[in-house]
file work.txt (compact mmCIF, C-alpha atoms)
# COMPACT_ATOMS: atom_id res chain seq x y z
CA MET A 103 0.00 0.00 0.00
CA ALA A 104 1.24 3.42 -0.83
CA LYS A 105 2.67 5.33 2.09
CA VAL A 106 3.03 9.06 2.42
CA TYR A 107 5.27 9.97 5.30
CA THR A 108 4.41 12.92 7.49
CA GLY A 109 5.80 14.50 10.58
CA ARG A 110 3.87 11.96 12.63
CA ASP A 111 6.18 9.28 11.28
CA GLY A 112 9.35 11.12 12.25
CA ARG A 113 11.50 10.10 15.20
CA LEU A 114 14.87 11.17 16.52
CA LEU A 115 16.83 8.72 18.60
CA LEU A 116 19.77 9.52 20.83
CA GLY A 117 21.58 6.22 21.05
CA SER A 118 18.69 3.80 21.37
CA ASP A 119 16.39 6.21 23.20
CA THR A 120 13.65 7.92 21.27
CA LEU A 121 13.56 11.62 22.08
CA VAL A 122 9.91 12.21 22.74
CA LYS A 123 9.52 15.94 22.22
CA VAL A 124 11.13 16.50 18.86
CA THR A 125 9.22 18.82 16.57
CA SER A 126 11.45 18.61 13.52
CA TRP A 127 14.68 17.25 12.16
CA THR A 128 16.61 17.61 8.95
CA LEU A 129 19.53 15.73 7.50
CA GLN A 130 21.90 17.19 4.93
CA ALA A 131 24.28 14.95 2.99
CA ASP A 132 27.03 16.53 0.94
CA LEU A 133 29.60 15.21 -1.47
CA GLU A 134 32.72 17.16 -2.24
CA THR A 135 33.59 16.86 -5.90
CA LEU A 136 37.12 16.99 -7.25
CA GLU A 137 37.56 18.52 -10.66
CA ILE A 138 39.52 16.35 -13.06
CA THR A 139 38.99 18.42 -16.17
CA THR A 140 42.16 18.44 -18.24
CA LEU A 141 43.35 20.83 -20.89
CA GLY A 142 41.57 19.94 -24.09
CA ASP A 143 38.33 18.86 -22.43
CA ALA A 144 35.22 20.69 -23.56
CA GLN A 145 33.15 19.77 -20.51
CA ARG A 146 34.04 19.68 -16.85
CA ASN A 147 34.65 16.28 -15.31
CA TYR A 148 34.59 15.40 -11.64
CA ALA A 149 35.62 12.59 -9.34
CA PRO A 150 33.91 11.93 -6.03
CA GLY A 151 35.59 13.41 -2.99
CA VAL A 152 34.65 13.05 0.64
CA GLN A 153 31.15 12.89 2.03
CA GLY A 154 29.78 14.98 4.83
CA PHE A 155 26.65 14.81 6.90
CA SER A 156 25.01 17.46 8.97
CA GLY A 157 21.58 18.41 10.14
CA SER A 158 19.43 20.08 12.69
CA ALA A 159 16.59 19.36 15.03
CA ALA A 160 14.14 21.23 17.18
CA LEU A 161 13.09 19.90 20.56
CA ILE A 162 10.63 21.12 23.14
CA TYR A 163 12.37 21.85 26.43
CA TYR A 164 10.35 19.49 28.54
CA THR A 165 10.90 17.63 31.79
CA ASP A 166 9.21 14.26 31.89
CA ASP A 167 7.58 12.69 34.94
CA ASP A 168 10.72 10.68 35.58
CA GLY A 169 12.80 13.86 35.59
CA SER A 170 14.39 13.21 32.22
CA ASN A 171 14.79 16.02 29.74
CA ASP A 172 15.64 14.99 26.20
CA ALA A 173 16.50 18.46 25.04
CA SER A 174 18.80 18.96 28.00
CA THR A 175 20.81 15.87 27.13
CA LEU A 176 21.72 17.30 23.74
CA LEU A 177 22.08 20.89 24.93
CA ARG A 178 24.62 19.86 27.54
CA LYS A 179 26.85 18.48 24.81
CA ILE A 180 27.74 22.02 23.87
CA ILE A 181 26.43 24.17 26.69
CA ASN A 182 28.68 23.01 29.50
CA THR A 183 31.52 24.15 31.70
CA THR A 184 34.09 21.57 30.65
CA GLY A 185 34.38 22.10 26.92
CA VAL A 186 33.69 19.60 24.19
CA THR A 187 35.76 16.46 23.85
CA THR A 188 35.59 13.38 21.67
CA ALA A 189 33.49 11.85 24.41
CA ASP A 190 30.71 14.23 23.42
CA VAL A 191 30.05 12.47 20.13
CA VAL A 192 26.46 11.33 20.09
CA SER A 193 24.81 8.61 18.05
CA LEU A 194 21.75 10.03 16.36
CA THR A 195 19.19 8.06 14.43
CA LEU A 196 16.83 9.94 12.16
CA ARG A 197 13.84 7.70 11.63
CA LEU A 198 10.68 7.52 9.61
CA VAL A 199 8.25 4.88 10.86
CA ASP A 200 5.93 2.82 8.70
CA GLY A 201 4.22 0.33 10.96
CA ASN A 202 6.91 -2.10 12.01
CA THR A 203 9.30 -0.89 9.33
CA ASN A 204 11.75 1.86 10.10
CA SER A 205 13.61 3.97 7.61
CA ASP A 206 16.75 4.93 9.50
CA VAL A 207 19.88 6.94 9.06
CA THR A 208 22.26 6.61 11.99
CA LEU A 209 25.37 8.68 12.37
CA ASN A 210 27.83 9.80 14.99
CA ALA A 211 27.83 13.54 15.39
CA TYR A 212 28.97 16.52 17.36
CA ILE A 213 26.39 19.04 18.42
CA THR A 214 27.76 22.15 16.77
CA SER A 215 25.21 24.71 17.80
CA ALA A 216 22.34 25.00 20.19
CA SER A 217 19.92 27.71 21.01
CA ILE A 218 17.11 27.88 23.48
CA GLY A 219 14.69 30.62 24.21
CA ALA A 220 11.59 31.53 26.13
CA ASN A 221 8.79 33.59 24.66
CA VAL A 222 5.55 34.73 26.18
CA GLY A 223 2.71 32.53 25.02
CA GLU A 224 4.97 29.80 23.64
CA VAL A 225 6.48 26.64 24.95
CA CYS A 226 10.23 26.69 25.38
CA SER A 227 12.03 24.97 22.60
CA ALA A 228 15.62 24.33 21.66
CA GLN A 229 17.21 24.15 18.26
CA ILE A 230 20.35 22.16 17.69
CA SER A 231 22.61 21.62 14.74
CA PHE A 232 24.87 18.64 14.41
CA GLN A 233 27.85 17.75 12.28
CA GLY A 234 28.37 14.12 11.43
CA THR A 235 31.78 12.59 11.99
CA GLY A 236 32.81 9.50 10.09
CA PRO A 237 30.47 7.48 7.91
CA VAL A 238 26.81 7.00 8.61
CA THR A 239 26.52 3.68 10.39
CA THR A 240 23.04 2.73 9.26
CA VAL A 241 21.20 3.62 6.07
CA ARG A 242 17.75 2.24 5.49
CA ILE A 243 15.94 4.78 3.41
CA MET B 219 60.18 5.17 -18.32
CA ALA B 220 59.48 8.31 -20.29
CA PHE B 221 57.88 11.36 -18.73
CA PRO B 222 54.31 10.36 -17.77
CA SER B 223 51.94 10.85 -20.67
CA TYR B 224 48.94 12.33 -18.88
CA ASN B 225 46.89 15.32 -19.86
CA PRO B 226 47.70 18.23 -17.55
CA THR B 227 44.99 20.30 -15.92
CA SER B 228 47.09 23.44 -16.03
CA ARG B 229 50.10 24.56 -17.99
CA THR B 230 52.20 27.70 -17.83
CA PHE B 231 54.92 28.32 -20.38
CA ASN B 232 57.64 30.93 -20.26
CA ALA B 233 59.49 31.31 -23.55
CA GLY B 234 62.94 31.90 -22.09
CA ASP B 235 65.46 34.13 -23.84
CA TYR B 236 68.62 34.18 -25.95
CA VAL B 237 71.93 34.32 -24.14
CA TYR B 238 73.43 37.77 -24.22
CA LYS B 239 75.30 40.08 -21.94
CA LYS B 240 74.55 43.72 -21.36
CA PHE B 241 77.23 46.29 -20.81
CA THR B 242 76.25 49.75 -19.66
CA SER B 243 78.70 52.61 -19.82
CA GLN B 244 78.88 55.43 -17.31
CA SER B 245 77.01 57.60 -19.75
CA GLY B 246 74.19 55.11 -19.76
CA LYS B 247 74.82 53.87 -23.27
CA GLU B 248 74.07 50.20 -23.47
CA VAL B 249 75.77 47.53 -25.53
CA ARG B 250 74.53 43.98 -25.75
CA ILE B 251 76.56 41.07 -27.03
CA LEU B 252 74.75 37.99 -28.22
CA TYR B 253 76.52 34.78 -27.19
CA GLY B 254 74.32 32.23 -28.89
CA ASP B 255 71.77 31.77 -31.63
CA LYS B 256 69.45 29.51 -29.68
CA ARG B 257 66.77 30.50 -27.27
CA THR B 258 67.01 28.69 -23.94
CA GLY B 259 65.81 28.83 -20.36
CA MET B 260 62.20 28.07 -21.24
CA GLU B 261 60.10 27.38 -18.16
CA LEU B 262 57.17 25.01 -18.10
CA ASP B 263 54.91 24.42 -15.12
CA LEU B 264 52.51 21.51 -15.43
CA GLY B 265 49.70 20.76 -13.01
CA TYR B 266 47.90 17.46 -12.69
CA GLU B 267 44.97 17.94 -10.35
CA ASN B 268 43.16 15.09 -8.63
CA ILE B 269 44.83 12.16 -10.29
CA PRO B 270 45.12 8.66 -8.80
CA ASP B 271 48.13 8.07 -6.59
CA THR B 272 49.14 5.32 -8.99
CA GLN B 273 49.64 7.99 -11.65
CA ALA B 274 51.18 10.52 -9.28
CA ASP B 275 53.98 8.17 -8.34
CA ASP B 276 54.96 7.89 -12.03
CA PHE B 277 56.36 11.40 -11.79
CA ILE B 278 58.64 10.37 -8.95
CA THR B 279 59.70 7.27 -10.85
CA HIS B 280 60.64 9.43 -13.82
CA TYR B 281 62.38 11.94 -11.57
CA ASP B 282 64.54 9.10 -10.26
CA GLU B 283 65.25 7.75 -13.72
CA VAL B 284 66.64 11.06 -14.97
CA LYS B 285 68.51 11.53 -11.69
CA GLY B 286 66.52 14.57 -10.69
CA GLY B 287 67.77 17.69 -12.38
CA PHE B 288 70.85 15.96 -13.80
CA ASN B 289 69.64 14.50 -17.10
CA SER B 290 67.47 16.12 -19.73
CA PHE B 291 64.53 14.56 -21.53
CA VAL B 292 61.80 15.22 -24.05
CA LEU B 293 58.13 15.48 -23.21
CA PRO B 294 55.33 13.40 -24.70
CA SER B 295 52.79 15.26 -26.79
CA ALA B 296 50.19 14.88 -24.04
CA PHE B 297 51.68 17.86 -22.22
CA ARG B 298 50.41 20.06 -25.08
CA THR B 299 46.83 18.78 -24.80
CA GLY B 300 44.41 21.57 -25.59
CA TRP B 301 47.02 23.71 -27.34
CA THR B 302 46.02 24.37 -30.93
CA GLY B 303 48.92 26.59 -31.90
CA ASP B 304 52.26 25.54 -33.31
CA ALA B 305 53.41 22.55 -31.28
CA ALA B 306 56.98 23.78 -31.18
CA ALA B 307 55.96 27.13 -29.76
CA ILE B 308 55.44 25.80 -26.25
CA ASP B 309 58.05 23.04 -26.33
CA ALA B 310 61.73 23.24 -25.65
CA ALA B 311 63.22 25.31 -28.46
CA THR B 312 65.56 23.78 -31.01
CA GLY B 313 68.60 22.28 -29.37
CA ASN B 314 67.01 22.29 -25.91
CA GLN B 315 65.60 19.52 -23.80
CA TRP B 316 63.73 19.71 -20.55
CA ARG B 317 65.21 19.28 -17.10
CA TYR B 318 63.54 19.36 -13.72
CA ALA B 319 63.80 22.85 -12.28
CA SER B 320 62.67 21.52 -8.92
CA PRO B 321 61.45 18.19 -7.58
CA PRO B 322 57.86 17.24 -8.44
CA GLU B 323 55.45 18.18 -5.68
CA ILE B 324 52.67 15.83 -4.71
CA ARG B 325 49.78 17.11 -2.65
CA SER B 326 47.51 14.45 -1.22
CA VAL B 327 43.88 15.41 -1.69
CA ARG B 328 42.08 12.42 -0.26
CA PRO B 329 42.87 8.71 0.07
CA GLY B 330 44.08 7.52 -3.31
CA ILE B 331 43.92 10.94 -4.97
CA SER B 332 46.71 13.48 -5.30
CA SER B 333 47.65 16.58 -7.23
CA VAL B 334 51.07 16.90 -8.81
CA THR B 335 52.98 20.00 -9.80
CA VAL B 336 56.02 19.72 -12.07
CA LYS B 337 58.38 22.59 -12.86
CA LEU B 338 60.67 22.15 -15.83
CA VAL B 339 63.30 24.31 -17.45
CA GLY B 340 64.67 24.13 -20.97
CA ALA B 341 68.41 23.64 -21.28
CA LEU B 342 70.75 23.42 -24.22
call {"tool": "encode", "arguments": {"input": "work.txt", "output": "C-alpha cells"}}
result
Amino acid sequence: MAKVYTGRDGRLLLGSDTLVKVTSWTLQADLETLEITTLGDAQRNYAPGVQGFSGSAALIYYTDDDGSNDASTLLRKIINTTGVTTADVVSLTLRLVDGNTNSDVTLNAYITSASIGANVGEVCSAQISFQGTGPVTTVRI
Amino acid sequence: MAFPSYNPTSRTFNAGDYVYKKFTSQSGKEVRILYGDKRTGMELDLGYENIPDTQADDFITHYDEVKGGFNSFVLPSAFRTGWTGDAAAIDAATGNQWRYASPPEIRSVRPGISSVTVKLVGAL
C-alpha cells in the first residue's frame, strides 16, 4: 500500500532512546567533488571526494515525569563548563516509521550549535545543529 | 620510463630568452653582445589535479630515472593537450631539452587521490 510519510512518522533517537519531544529534524548529505577536467576537455569532469553529513533538530524543552529532559541531554553536549571532547560524540538516528518498518539513518555527530529561548505565550524549545563525523553507520531509506 | 603521458589540468609556459650580456657605460649607453643563436631557459609548469596516486607516483619514478635535475629529456605530446597553436611554440626550443627545475610536488587530496605540480626548465 502506498505510504506518504508525514511529521507523525518522524522520530529522533539519541543512542537507542527515542527523544519524545522532537518537533522537527533535517539531515543534509554533501559530497565534495574533485575537478579532473584536463586541458583539451570541452566539458568539466569530476571525481567523487569526501562525504559529509550534517543536520538540525528542534526539541521542546520538557521535563518528563521521571525527571528526564531529552533536550537537555543534547544541549549539555555544547552548553557546559568543561568544553567539548571526543566523548561528546552522540549517536543520532533519524527515523521515519511505517508500521513495524523503520527507515533509518544513523550517524555519529557533534552538536555544533544550540539555542534555546523563552517567549511569552509559547512553549520553550531548543534548536540544535549537528555535524556528522565518520560514515553513517546505518542507512535504510 | 618516459615522462608520464597524462593530460595536464594546467600549464604555464615561459618562452625563455637568448643568451646575451649587457654592458652599460657610465654615460648610460648600453651595448649587448649575443653569445648564442638559440633560445634557452624556457620554463614550463605543469599541473595534474586530482589524479590517482598510482599515476602521481609515475612522476617520482621518472624523476629518479633522470637523476633529478641531472639529465634532460623530451616530453610526450600529451603535455600540449588543448594547445592548438604551433606545437613547437610551447616546447623546448631547437637544441634544448627539458630538465627538472625543482622536484615534483605531490599534494595528497584524499585517500588515493593526489595533485602533482612539475616545474621544468629548458636547457641546451
call {"tool": "residues_around", "arguments": {"input": "work.txt", "residues": "region 117-122 of chain A", "least_positions_apart": "6", "cutoff": "12 Å", "atoms": "all atoms listed in the file", "output": "ChimeraX atom specification"}}
result
/A:110,159-166,170-176,191-197,208-211
call {"tool": "closest_atom_pairs", "arguments": {"input": "work.txt", "of": "chain A", "to": "chain B", "cutoff": "9 Å", "atoms": "all atoms listed in the file", "output": "tab-separated table"}}
result
residue	atom	partner	partner_atom	distance
A:Leu136	CA	B:Asn268	CA	6.5
A:Glu137	CA	B:Asn268	CA	6.9
A:Ile138	CA	B:Asn268	CA	5.9
A:Thr139	CA	B:Thr227	CA	6.3
A:Thr140	CA	B:Thr227	CA	4.1
A:Leu141	CA	B:Gly300	CA	4.9
A:Gly142	CA	B:Gly300	CA	3.6
A:Asp143	CA	B:Gly300	CA	7.4
A:Ala149	CA	B:Asn268	CA	8.0
A:Gly151	CA	B:Arg328	CA	7.1
A:Val152	CA	B:Arg328	CA	7.5
call {"tool": "atom_distance", "arguments": {"input": "work.txt", "atom1": "CA of Thr183 (chain A)", "atom2": "CA of Gln233 (chain A)"}}
result
20.8 Å
call {"tool": "atom_distance", "arguments": {"input": "work.txt", "atom1": "CA of Trp316 (chain B)", "atom2": "CA of Met260 (chain B)"}}
result
8.5 Å
call {"tool": "closest_residue", "arguments": {"input": "work.txt", "among": "A:Arg146, A:Gly169, A:Phe155, A:Asn182", "to": "Thr239 (chain A)", "atoms": "only C-alpha atoms"}}
result
A:Phe155
call {"tool": "atom_distance", "arguments": {"input": "work.txt", "atom1": "CA of Ser320 (chain B)", "atom2": "CA of Ala307 (chain B)"}}
result
22.6 Å
call {"tool": "axis_aligned_box", "arguments": {"input": "work.txt", "around": "region 144-161 of chain A", "padding_each_side": "4 Å", "output": "lines of an AutoDock Vina configuration file"}}
result
center_x = 24.4
center_y = 16.6
center_z = -1.5
size_x = 30.5
size_y = 17.3
size_z = 52.1
call {"tool": "closest_residue", "arguments": {"input": "work.txt", "among": "A:Asn147, A:Gly154, A:Lys123, A:Val199", "to": "Gly236 (chain A)", "atoms": "all atoms listed in the file"}}
result
A:Gly154
call {"tool": "closest_residue", "arguments": {"input": "work.txt", "among": "B:Asp309, B:Gly286, B:Gly254, B:Val336", "to": "Asn232 (chain B)", "atoms": "all atoms listed in the file"}}
result
B:Asp309
call {"tool": "closest_residue", "arguments": {"input": "work.txt", "among": "A:Ala220, A:Ile230, A:Val225, A:Val238", "to": "Ser126 (chain A)", "atoms": "only C-alpha atoms"}}
result
A:Ile230
call {"tool": "closest_residue", "arguments": {"input": "work.txt", "among": "A:Thr108, A:Ser158, A:Asn202, A:Thr184", "to": "Thr214 (chain A)", "atoms": "only C-alpha atoms"}}
result
A:Ser158
call {"tool": "residues_around", "arguments": {"input": "work.txt", "residues": "Thr272 (chain B)", "least_positions_apart": "5", "cutoff": "10 Å", "atoms": "all atoms listed in the file", "output": "list of chain:residue names"}}
result
B:Phe277, B:Gly330, B:Ile331, B:Ser332
